[in-house]
Amino acid sequence: MNKWNYPVALCSIVCLCSCQPQPDRLLNQKIDSQIQQGKKEVRIAEITDFVWDKMYIFAPYTAPAQVDRALGFEWQEYKSLGIESKDTDDLLVFVAHKMGDGRVVKFTKCQRSFGNFRFSQATNGYGYSPVQAVFAVSVKAQNKLLLAINEPKQNTFSVTDIIPEQPGIYNIEAWFLFTHPDRLTIKVFNTKTNQPVMMKYTKPQFPSTPDGWSERGTTLFPYRSQIMIQEGGWDRQYATRWELWQQQPNGTEQKLMETTRMVNGWER
């Protein structure tokens, strides 16, 4: 007859439960409280007390592969949350980047029966910065709608440091009227010599296509990626020109946008 070792069994159960990802219920309550107080805007950065640089919103039935693609890394815990098979919650995921790698620092479920997030232009899984994560509260709908209000209304192309104190790894973000889903390419040139700058991908799955497209070209869609500059160092800065190119249906490439900025090379 086998006998349970109750202390060991209890410890195993506790460890198993503690390893399961748990949503931040307090953050969900803060969002609900903002709506109940009649706030016209919900500013996510003002109700979070932890460090994050991107917030992602995933609607019900979002596939795990789509979540991983949006985050830029594999988040295995997502499969246990039930979002992909239920229509009751929106999922907010907060990511912090360090040394070029991203990790989930917090997430919360927001019940759609009270207030649900809607996107005016962004596709499911767009990463909002703390400045962008401002949502207008619609009072006309039966269920309060939270509408992103800081999304661009025209083509934009920006390059920002991931770690300002340790430059060399950069986030690229663009909004454009993409009319087809073909491959995108980032090209960087030294503006003094007009020679290409050495760079490499910092993620195994480097995004190479826009997050959406419309043949009519009437809707802005986002594209974002991340690269590392190899030339230079933290004590050597130089001017560069960044270009966004897209392959055309006929096989040629077309330059969509460009911007300039000073850069440093990455040092380990």
# chains A, B, ... in the order shown; residues from 1 in each chain; ligands from 1
>>> residues_around(residues="Tyr78 (chain A)", least_positions_apart="6", cutoff="12 Å", atoms="only C-alpha atoms", output="ChimeraX atom specification")
/A:20-23,58,61-68,71,84-85,91-93,104,107-109
>>> closest_residue(among="A:Asn264, A:Thr185, A:Gln37, A:Asn194", to="Tyr223 (chain A)", atoms="only C-alpha atoms")
A:Thr185
>>> closest_residue(among="A:Gly251, A:Gly82, A:Pro60, A:Gly168", to="Lys200 (chain A)", atoms="only C-alpha atoms")
A:Gly168
>>> select_by_dssp(residues="region 38-222 of chain A", states="strand (DSSP E)", output="ChimeraX atom specification")
/A:41-43,54-58,89-98,101-111,115-118,127-128,134-138,144-148,156-161,169-176,184-190,199-201,221-222
>>> residues_around(residues="region 179-181 of chain A", least_positions_apart="4", cutoff="10 Å", atoms="only C-alpha atoms", output="ChimeraX atom specification")
/A:208-221,246-249
>>> atom_distance(atom1="CA of Lys187 (chain A)", atom2="CA of Gly233 (chain A)")
19.3 Å
>>> atom_distance(atom1="CA of Ile31 (chain A)", atom2="CA of Gln154 (chain A)")
29.1 Å
>>> atom_distance(atom1="CA of Glu231 (chain A)", atom2="CA of Glu267 (chain A)")
9.7 Å
